[in-house]
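Below is one structure; the comments refer to it alone.
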Amino acid sequence: MRTLVRRSARRQLAAISSVLAIAGAIASCASDNPKLSEFEALAPPIHYSDFASRVIYFVMPDRYANGDQSNDLGGLTGMRNDTGFDPTDTGFYHGGDLQGLTGECTDPQRGLKRLSDLGFTGIWVTPLVVQRTVQDTSAAYHGYWGIDFTTVDPHLGTQEDVRKFVDCAHSLDMRVYLDIVVNHTADVIKPIGGSTFREEPEPPYETYMLPSDVAVKKPAWMNDMSNYHNRGDIDWGGCSQACFEQGDFSGLDDLYTEKPAVVDGLAQVFGNWITEFKIDGFRVDTARHVDRQFYEQWVPAILNTAKQAGVDEFEIFGEVFLTDTIEQSTYVREWGLPNQLDFPLYDAVARYAGGMSGAGGIELRLADDDYVRTSNGLAPTPGTFVGNHDIGRTGLVIKGQMGATGDELLQRVNLAHSLLYLTRGAPIIYYGDEFGLIGS
């Protein structure tokens, strides 16, 4: 037996020596052979973005704090369907604004410092652009019905209020991530003869705008109806890829992002927000609904603008509402979207913390990070979350799994948040979750 062990040990030592000799030979050859040294470029050292070190607070300014009651009506007059203001209705403006969000900046109770003291080092705000105030039976308090992309909605404040908010955040070492929409504008263009999606072999709809709306959008190119697909609404019950890319999102005017003029226009209008306010990044709404070549052109333009504005490590992360890792990863690997919100991990964490499944789903999700690794060596760092404005607050999400209530629900919510803080990614906490709000 001892002889066999000694022979086995000698074989292992010989094998190790051979491997080391081969490795040395390759290293020696690589120094003399440029082609061999190219292999090193295929596996650069992993590095981490600034985003990877951030803990982010996600807030709708309208629902946070009312710092200036004089802008509650957004400079408009009339009833709530004119002004959009009705704090008794969850579908209308409640009066929150940028002044309320900023507060006295360094005031630990009513200033932005409250969030800094809680450990937040980033803040994501819903879109600030001027809105179509009311559509159908709801108001645009959320910010996703833009008509004037060049300035801030009067309900939320002024250009100077944006500047003060960003400057305050930066003074507290907080990054500011602005929610933007590149897929659509407010619903202004009306199709003639229906709204069912028309596939590409069919012509788009003939369209019209009300006389009062022909110049309502800014920049001016957004008023040209030929800069939109005009193919009708996305069919959420069954939709082709063309339908997802070219259909109106619940009636919202879908931009023709295949057009170079539209790409350039969107790069310029959102680039201006970076130049003027030194925004640190964009969260891209409805990111899977643009043309698949859009990001290859738009992202470099935005990053170049950020570089010229002196904004280092500008972050772009998109909303791709898919819980299948492989399917979601295509938007990074093939479409060129730099980063995403981690809907697959949300699903796994919610199920585990809610008591619906074991931890295996989380393990599998983290192992799937290889699907989004690219040649730049940047470590995958998606925005991670359990609750947000699309799916409900964390308490509601966890309660919806197994019906937990009271102390058990609190423990499970804390577990869910702990998993975000202790795994890779940039944790994003929805406003109000720090108070244990559940919502409906």
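Note on naming: chains are A, B, ... as they come in the structure tokens, residues start from 1 per chain, ligands start from 1 in the order shown.
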Q: Find the residues around stretch 103-119 of chain A up to 10 Å (only C-alpha atoms counted), leave out those fewer than 2 positions away in its own chain, and share them as a count of residues only.
A: 25
Q: List the neighbours of A:Tyr430 out to 7 Å using only C-alpha atoms; skip same-chain residues closer than 4 positions along the sequence, and give me the result as an MDAnalysis selection string.
A: chainID A and resid 57:59 387:388 393
Please produce a file of those selected residues containing N, CA and C atoms, as a PDB file, in the first residue's frame.
```pdb
ATOM      1  N   TYR A  57     -32.159  54.580  -3.629  1.00  0.00           N
ATOM      2  CA  TYR A  57     -33.524  54.879  -3.185  1.00  0.00           C
ATOM      3  C   TYR A  57     -34.324  55.291  -4.411  1.00  0.00           C
ATOM      4  N   PHE A  58     -35.425  54.612  -4.676  1.00  0.00           N
ATOM      5  CA  PHE A  58     -36.255  54.883  -5.845  1.00  0.00           C
ATOM      6  C   PHE A  58     -37.509  55.633  -5.400  1.00  0.00           C
ATOM      7  N   VAL A  59     -37.718  56.825  -5.972  1.00  0.00           N
ATOM      8  CA  VAL A  59     -38.805  57.667  -5.475  1.00  0.00           C
ATOM      9  C   VAL A  59     -39.563  58.334  -6.619  1.00  0.00           C
ATOM     10  N   GLY A 387     -39.495  45.226  -4.580  1.00  0.00           N
ATOM     11  CA  GLY A 387     -40.710  45.990  -4.812  1.00  0.00           C
ATOM     12  C   GLY A 387     -40.426  47.212  -5.656  1.00  0.00           C
ATOM     13  N   ASN A 388     -41.402  47.606  -6.479  1.00  0.00           N
ATOM     14  CA  ASN A 388     -41.316  48.865  -7.213  1.00  0.00           C
ATOM     15  C   ASN A 388     -42.695  49.270  -7.710  1.00  0.00           C
ATOM     16  N   ARG A 393     -45.257  47.225  -3.620  1.00  0.00           N
ATOM     17  CA  ARG A 393     -44.247  47.372  -2.578  1.00  0.00           C
ATOM     18  C   ARG A 393     -43.782  46.005  -2.086  1.00  0.00           C
TER      19      ARG A 393
END
```
Q: Taking the chain letters and numbering used in this document, name the residues of stretch 51-296 of chain A that DSSP puts in helix (DSSP H, G or I), as an MDAnalysis selection string.
A: chainID A and resid 51:53 61:63 69:71 80:83 98:102 113:117 159:171 211:213 220:223 225:227 241:246 260:277 287:289 294:296
Q) Smallest atom-to-atom distance to A:Thr394: which of A:Ile326, A:Ile189, A:Ala267, A:Ala353, using only C-alpha atoms? A) A:Ala353
Q.
Taking 6 positions as the minimum chain separation for residues in the same chain, which residues sit within 9 Å of stretch 410-413 of chain A when counting only C-alpha atoms? Answer as a list in words.
A.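 Answer for this query is Ala353, Gly354, Gly355, Thr394, Gly395, Ile398, Lys399, Ala404 and Gly436 of chain A.
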Q) Using only C-alpha atoms, which of the listed residues (A:Leu303, A:Ala359, A:Leu420, A:Val290) sits closest to A:Lys259? A) A:Val290
Q: To one decimal in Å, tell me the separation between atom CA of A:Gln246 and atom CA of A:Val130.
A: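 So the answer is 23.7 Å.
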Q. If you run DSSP on this backbone, which residues of stretch 119-237 of chain A come out as strand (DSSP E), and could you give them as a list in words?
A.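 Put together, the selection reads Gly122, Ile123, Trp124, Val125, Val129, Val130, Gln131, Val134, Gln135, Ser138, Ala139, Gly146, Ile147, Asp148, Phe149, Thr150, Thr151, Val152, Arg175, Val176, Tyr177, Leu178, Asp179, Ile180, Val181, Lys190, Pro191, Thr207 and Tyr208 of chain A.
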Q | Interatomic distance, atom CA of A:Pro45 to atom CA of A:Thr325 (Å, one decimal) | A | 24.1 Å
Q.
Residues within 8 Å of stretch 414-417 of chain A, please, as a PyMOL selection string. Count only C-alpha atoms; anything in the same chain fewer than 6 positions from it doesn't count.
A. chain A and resi 349-350+353+386
Take the selection from the previous step and output its residues with all heavy atoms, as a compact mmCIF listing (two decimals), in the first residue's frame.
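Wrote it out as again_13.txt, contents follow:
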```txt
# COMPACT_ATOMS: atom_id res chain seq x y z
N VAL A 349 -36.03 35.83 -5.31
CA VAL A 349 -35.99 36.32 -3.93
C VAL A 349 -37.39 36.40 -3.34
O VAL A 349 -37.61 36.02 -2.19
CB VAL A 349 -35.29 37.69 -3.86
CG1 VAL A 349 -35.48 38.33 -2.49
CG2 VAL A 349 -33.80 37.54 -4.16
N ALA A 350 -38.34 36.88 -4.12
CA ALA A 350 -39.71 36.99 -3.62
C ALA A 350 -40.27 35.62 -3.25
O ALA A 350 -40.91 35.46 -2.20
CB ALA A 350 -40.59 37.66 -4.67
N ALA A 353 -38.10 34.36 0.02
CA ALA A 353 -38.41 35.12 1.23
C ALA A 353 -39.88 35.01 1.59
O ALA A 353 -40.24 35.07 2.78
CB ALA A 353 -38.02 36.59 1.05
N VAL A 386 -37.03 44.11 -4.84
CA VAL A 386 -38.14 43.20 -4.57
C VAL A 386 -39.47 43.91 -4.79
O VAL A 386 -40.45 43.29 -5.15
CB VAL A 386 -38.07 42.60 -3.15
CG1 VAL A 386 -39.20 41.60 -2.93
CG2 VAL A 386 -36.73 41.92 -2.91
```
Q. Hey, which of A:Glu206, A:Asp407, A:Asp153, A:Asp342 ends up closest to A:His229? Count only C-alpha atoms.
A.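 Answer, going by the shortest atom-to-atom distance: A:Glu206.
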Q. Which residues, written as a VMD selection string, have at least one atom at most 9 Å from stretch 375-381 of chain A, with only C-alpha atoms counted and residues fewer than 3 positions away on the same chain left out?
A. chain A and resid 41 to 49 51 to 52 339 to 340 369 to 370 372 384 424 to 426
Q. Which residue gives the smallest distance to A:Gly193 among A:His155, A:His94, A:Arg175, A:Arg231, with only C-alpha atoms counted?
A. A:Arg231
Q: For A:Leu178, list every protein, DNA or RNA residue within 12 Å, evaluated using only C-alpha atoms, and leave out those in the same chain fewer than 3 positions away; present the list as a VMD selection string.
A: chain A and resid 56 to 61 122 to 129 143 152 162 165 to 166 175 181 270 to 271 273 to 274 277 to 285 314 to 318
Q) Can you list, as a list in words, every protein, DNA or RNA residue that comes within 7 Å of A:Cys243 when you count only C-alpha atoms, leaving out same-chain residues fewer than 2 positions away? A)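 Listed by chain and then number, they are Phe197, Glu199, Ile234, Cys239, Ser240, Gln241, Glu245, Gln246 and Gly247 of chain A.
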Q: Figure out the distance between atom CA of A:Met222 and atom CA of A:Gly265, please, to one decimal in Å.
A: 8.8 Å
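Counting only C-alpha atoms, the residue from A:Leu409, A:Ile180, A:Ile391, A:Val332 that sits nearest to A:Trp145 is A:Ile180.
Closest approach to A:Trp298 from the set A:Val182, A:Phe385, A:Asp253, A:Met79 is made by A:Val182, with distances taken over only C-alpha atoms.
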